[in-house]
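Engineer: Mind looking over this structure? Questions follow.
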Amino acid sequence: MTDYMLVSFKTCPWVQRAAIVLREKGAPFAFKHIERDNRPDWFLAISPHKKVPVLRIDDSVSLFESNAIAEFLDETIAPRLHPADPVARALNRAWTDYLPTFAASVTGCAYAKTEQEYARAVDKIDEPLGKLEQALAPSGPYFNGAAYSLVDAAYAPFLQRYAFLDRIHPLGRIESFPKVAAWSEALLARPSTHSYPPDEFEAMYRETVRTRDVWLSQYC
Ligand SMILES: N[C@@H](CCC(=O)N[C@@H](CS)C(=O)NCC(=O)O)C(=O)O
């Protein structure tokens with residue numbers, strides 16, 4: 001049996017993406033948590049960009065970059081999460097390519113230093129939410145409709161963080177995008193999304209925002 005170890009910072013959304021794919025595949029794995037401010041030499045030796053996640057396989061191969069890891073897992077472990085149709089698959093990959101833009105719009109709100117910066121960041125979220133609203137299948141619950149895919153695994157951690165931020169200080173944006181709102185609800189209700197009990201994880205996330213000394217820290 002293949003041994004999968006996911007090298008992680010506890011609250012990293014990119015690690016969570018890889019963990020979600022492993023859970024969707026039913027592949028047992030272990031987290032190896034390391035500290036952001038004290039990355040060990042063995043980790044620096046296997047992570048070219050010094051970032052998590054790294055997926056260590058059978059203690060011999062190290063994969064990095066969450067998208068590459070997700071694609072690898074999808075090619076090597078059933079069930080296939082990418083659509084079988086090549087056009088649908090290309091479109092799904094195009095939307096996973098868009099993930100960093102969406103992610104930046106969410107973290108932009110989390111880590112804004114001032115109220116003005118925060119307000120500007122919140123305004124910027126409408127554009128990616130609008131694009132996703134257009135891209136989502138007409139009927140959910142998932143990105144492609146009934147079948148769960150790698151696009152769902154990619155966006156779930158960031159939609160979860162949007163929900164956390166919304167509870168710290170209401171963002172009031174997702175309500176204008178009903179398909180995205182329903183998608184987020186479906187993903188947050190799916191067990192594979194969660195590496196920790198949701199309340200415990202939300203408290204960990206709040207603590208991260210609180211200690212960052214950003215505008216939202218005062219509400220955490
Ligand atoms: N594009 C990377 C992003 C990974 C990433 O940014 N990870 C963060 C933690 S959430 C990290 O390791 N940051 C350390 C650093 O930037 O030095 C991926 O998809 O895996």
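Naming scheme: A, B, ... for chains in displayed order of the structure tokens; residues 1 onward per chain; ligands 1 onward as shown.
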Just list as a VMD selection string whatever in segment 2-165 of chain A DSSP marks as strand (DSSP E).
Structural biologist: chain A and resid 4 to 8 29 to 33 54 to 57 61 to 64
Engineer: Residues up to 9 Å from ligand 1, counting only C-alpha atoms and all ligand atoms: could you list those as a VMD selection string?
Structural biologist: chain A and resid 8 to 15 17 to 18 36 49 to 54 64 to 69 100
Engineer: Would you save the residues from that selection as a CSV table (one decimal), in the first residue's frame, using N, CA and C atoms?
Structural biologist:
```
chain,number,residue,atom,x,y,z
A,8,SER,N,2.8,20.0,5.8
A,8,SER,CA,1.7,21.0,6.0
A,8,SER,C,2.0,22.1,7.0
A,9,PHE,N,1.5,23.3,6.8
A,9,PHE,CA,1.3,24.3,7.9
A,9,PHE,C,-0.2,24.0,8.3
A,10,LYS,N,-0.5,24.1,9.6
A,10,LYS,CA,-1.9,23.6,10.0
A,10,LYS,C,-3.0,24.3,9.3
A,11,THR,N,-2.9,25.6,9.0
A,11,THR,CA,-4.1,26.3,8.4
A,11,THR,C,-3.9,26.6,6.9
A,12,CYS,N,-3.0,25.9,6.2
A,12,CYS,CA,-2.8,26.3,4.8
A,12,CYS,C,-3.9,25.8,3.9
A,13,PRO,N,-4.5,26.7,3.1
A,13,PRO,CA,-5.6,26.2,2.2
A,13,PRO,C,-5.1,25.4,1.0
A,14,TRP,N,-3.8,25.6,0.6
A,14,TRP,CA,-3.3,24.8,-0.5
A,14,TRP,C,-3.0,23.3,-0.1
A,15,VAL,N,-2.6,23.2,1.2
A,15,VAL,CA,-2.5,21.8,1.8
A,15,VAL,C,-3.9,21.2,1.8
A,17,ARG,N,-6.4,21.7,0.0
A,17,ARG,CA,-6.8,21.2,-1.3
A,17,ARG,C,-6.3,19.8,-1.6
A,18,ALA,N,-5.0,19.6,-1.3
A,18,ALA,CA,-4.4,18.2,-1.6
A,18,ALA,C,-5.1,17.2,-0.6
A,36,ARG,N,5.7,27.4,10.1
A,36,ARG,CA,6.0,28.4,9.1
A,36,ARG,C,7.4,29.1,9.4
A,49,HIS,N,10.4,25.6,-3.6
A,49,HIS,CA,10.0,27.0,-3.3
A,49,HIS,C,9.8,27.2,-1.8
A,50,LYS,N,10.2,26.2,-1.0
A,50,LYS,CA,10.1,26.3,0.5
A,50,LYS,C,8.7,26.4,1.0
A,51,LYS,N,7.7,26.0,0.1
A,51,LYS,CA,6.3,26.1,0.4
A,51,LYS,C,5.7,24.7,0.7
A,52,VAL,N,4.6,24.8,1.5
A,52,VAL,CA,3.7,23.6,1.6
A,52,VAL,C,2.5,23.8,0.7
A,53,PRO,N,1.9,22.7,0.2
A,53,PRO,CA,2.1,21.3,0.5
A,53,PRO,C,3.3,20.7,-0.3
A,54,VAL,N,3.9,19.7,0.4
A,54,VAL,CA,4.7,18.7,-0.3
A,54,VAL,C,4.0,17.3,0.0
A,64,PHE,N,5.4,18.7,-5.3
A,64,PHE,CA,5.0,20.0,-4.8
A,64,PHE,C,4.1,20.7,-5.7
A,65,GLU,N,3.5,21.8,-5.2
A,65,GLU,CA,2.4,22.6,-5.9
A,65,GLU,C,1.1,21.8,-5.9
A,66,SER,N,0.1,22.4,-5.2
A,66,SER,CA,-1.2,21.7,-5.0
A,66,SER,C,-1.9,21.3,-6.2
A,67,ASN,N,-1.8,22.0,-7.3
A,67,ASN,CA,-2.4,21.6,-8.5
A,67,ASN,C,-1.8,20.4,-9.1
A,68,ALA,N,-0.4,20.4,-9.1
A,68,ALA,CA,0.3,19.2,-9.7
A,68,ALA,C,0.0,18.0,-8.8
A,69,ILE,N,-0.1,18.2,-7.5
A,69,ILE,CA,-0.4,17.1,-6.6
A,69,ILE,C,-1.8,16.5,-6.9
A,100,PRO,N,-5.8,30.9,-8.1
A,100,PRO,CA,-5.0,31.9,-7.4
A,100,PRO,C,-5.6,33.3,-7.4
```
Engineer: Pick out the residues sitting within 6 Å of segment 212-217 of chain A, and hand them over as a PyMOL selection string; count only C-alpha atoms, and ignore anything fewer than 4 positions along from it in its own chain.
Structural biologist: chain A and resi 111-114
Engineer: DSSP on the backbone: which residues in segment 24-207 of chain A end up as alpha helix (DSSP H)? Give the answer as JSON, numbers by chain.
Structural biologist: {"A": [24, 25, 41, 42, 43, 44, 45, 46, 66, 67, 68, 69, 70, 71, 72, 73, 74, 75, 76, 86, 87, 88, 89, 90, 91, 92, 93, 94, 95, 96, 97, 99, 100, 101, 102, 103, 104, 105, 106, 107, 108, 109, 110, 115, 116, 117, 118, 119, 120, 121, 122, 123, 124, 126, 127, 128, 129, 130, 131, 132, 133, 134, 135, 150, 151, 152, 153, 154, 155, 156, 157, 158, 159, 160, 161, 162, 163, 164, 165, 166, 167, 168, 178, 179, 180, 181, 182, 183, 184, 185, 186, 187, 188, 189, 198, 199, 200, 201, 202, 203, 204, 205, 206, 207]}
Engineer: For Leu132 of chain A, work out the shell of residues within 12 Å, counting only C-alpha atoms and skipping chain neighbours fewer than 6 positions away, then give it as a compact mmCIF listing (two decimals) with N, CA and C atoms, in the first residue's frame.
Structural biologist:
```txt
# COMPACT_ATOMS: atom_id res chain seq x y z
N ASN A 92 -12.47 22.73 -17.03
CA ASN A 92 -12.22 22.57 -15.59
C ASN A 92 -10.81 23.02 -15.24
N ALA A 94 -9.04 25.17 -16.83
CA ALA A 94 -8.99 26.64 -16.95
C ALA A 94 -9.49 27.27 -15.65
N TRP A 95 -10.53 26.69 -15.05
CA TRP A 95 -11.06 27.27 -13.80
C TRP A 95 -10.18 26.95 -12.60
N THR A 96 -9.46 25.83 -12.63
CA THR A 96 -8.50 25.65 -11.52
C THR A 96 -7.32 26.60 -11.71
N TYR A 98 -7.65 29.56 -12.53
CA TYR A 98 -8.15 30.85 -12.03
C TYR A 98 -8.13 30.91 -10.50
N LEU A 99 -7.91 29.75 -9.86
CA LEU A 99 -7.99 29.72 -8.40
C LEU A 99 -7.09 30.75 -7.71
N THR A 101 -6.29 33.68 -8.49
CA THR A 101 -6.92 35.01 -8.52
C THR A 101 -8.03 35.09 -7.48
N PHE A 102 -8.85 34.04 -7.43
CA PHE A 102 -9.93 34.03 -6.42
C PHE A 102 -9.33 34.02 -5.02
N ILE A 125 -13.80 41.64 -4.73
CA ILE A 125 -14.27 40.25 -4.72
C ILE A 125 -15.41 40.02 -5.72
N ASP A 126 -16.16 41.08 -6.03
CA ASP A 126 -17.31 40.91 -6.94
C ASP A 126 -16.89 40.34 -8.29
N PRO A 138 -25.64 25.09 -14.50
CA PRO A 138 -26.95 25.70 -14.17
C PRO A 138 -27.59 25.11 -12.92
N TYR A 142 -22.54 20.94 -7.40
CA TYR A 142 -21.09 21.15 -7.57
C TYR A 142 -20.79 21.93 -8.85
N PHE A 143 -19.50 22.19 -9.07
CA PHE A 143 -19.10 23.05 -10.19
C PHE A 143 -19.67 22.54 -11.52
N ASN A 144 -19.57 21.22 -11.73
CA ASN A 144 -20.07 20.65 -12.99
C ASN A 144 -21.50 20.15 -12.90
N VAL A 151 -12.21 20.84 -9.49
CA VAL A 151 -12.51 22.28 -9.32
C VAL A 151 -13.13 22.50 -7.94
N ASP A 152 -14.00 21.59 -7.55
CA ASP A 152 -14.62 21.71 -6.22
C ASP A 152 -13.57 21.61 -5.11
N TYR A 155 -11.54 24.98 -4.92
CA TYR A 155 -12.16 26.21 -4.41
C TYR A 155 -12.67 26.06 -2.96
N LEU A 159 -13.50 29.15 -0.36
CA LEU A 159 -14.90 29.48 -0.04
C LEU A 159 -15.13 29.33 1.47
N ILE A 174 -21.37 37.55 -1.33
CA ILE A 174 -21.71 36.28 -1.96
C ILE A 174 -23.23 36.18 -2.19
N PHE A 177 -24.61 36.44 -5.57
CA PHE A 177 -24.22 35.40 -6.54
C PHE A 177 -24.79 34.06 -6.05
N PRO A 178 -26.09 33.82 -6.34
CA PRO A 178 -26.78 32.68 -5.71
C PRO A 178 -26.17 31.33 -6.04
N LYS A 179 -25.65 31.18 -7.25
CA LYS A 179 -25.07 29.86 -7.57
C LYS A 179 -23.79 29.64 -6.76
N VAL A 180 -22.98 30.68 -6.63
CA VAL A 180 -21.75 30.54 -5.84
C VAL A 180 -22.11 30.29 -4.37
N ALA A 181 -23.12 30.99 -3.87
CA ALA A 181 -23.52 30.81 -2.46
C ALA A 181 -23.96 29.36 -2.22
N ALA A 182 -24.74 28.81 -3.16
CA ALA A 182 -25.21 27.43 -2.99
C ALA A 182 -24.05 26.45 -3.12
N TRP A 183 -23.13 26.76 -4.02
CA TRP A 183 -21.93 25.92 -4.22
C TRP A 183 -21.13 25.87 -2.93
N SER A 184 -20.91 27.05 -2.35
CA SER A 184 -20.15 27.14 -1.12
C SER A 184 -20.82 26.30 -0.02
```
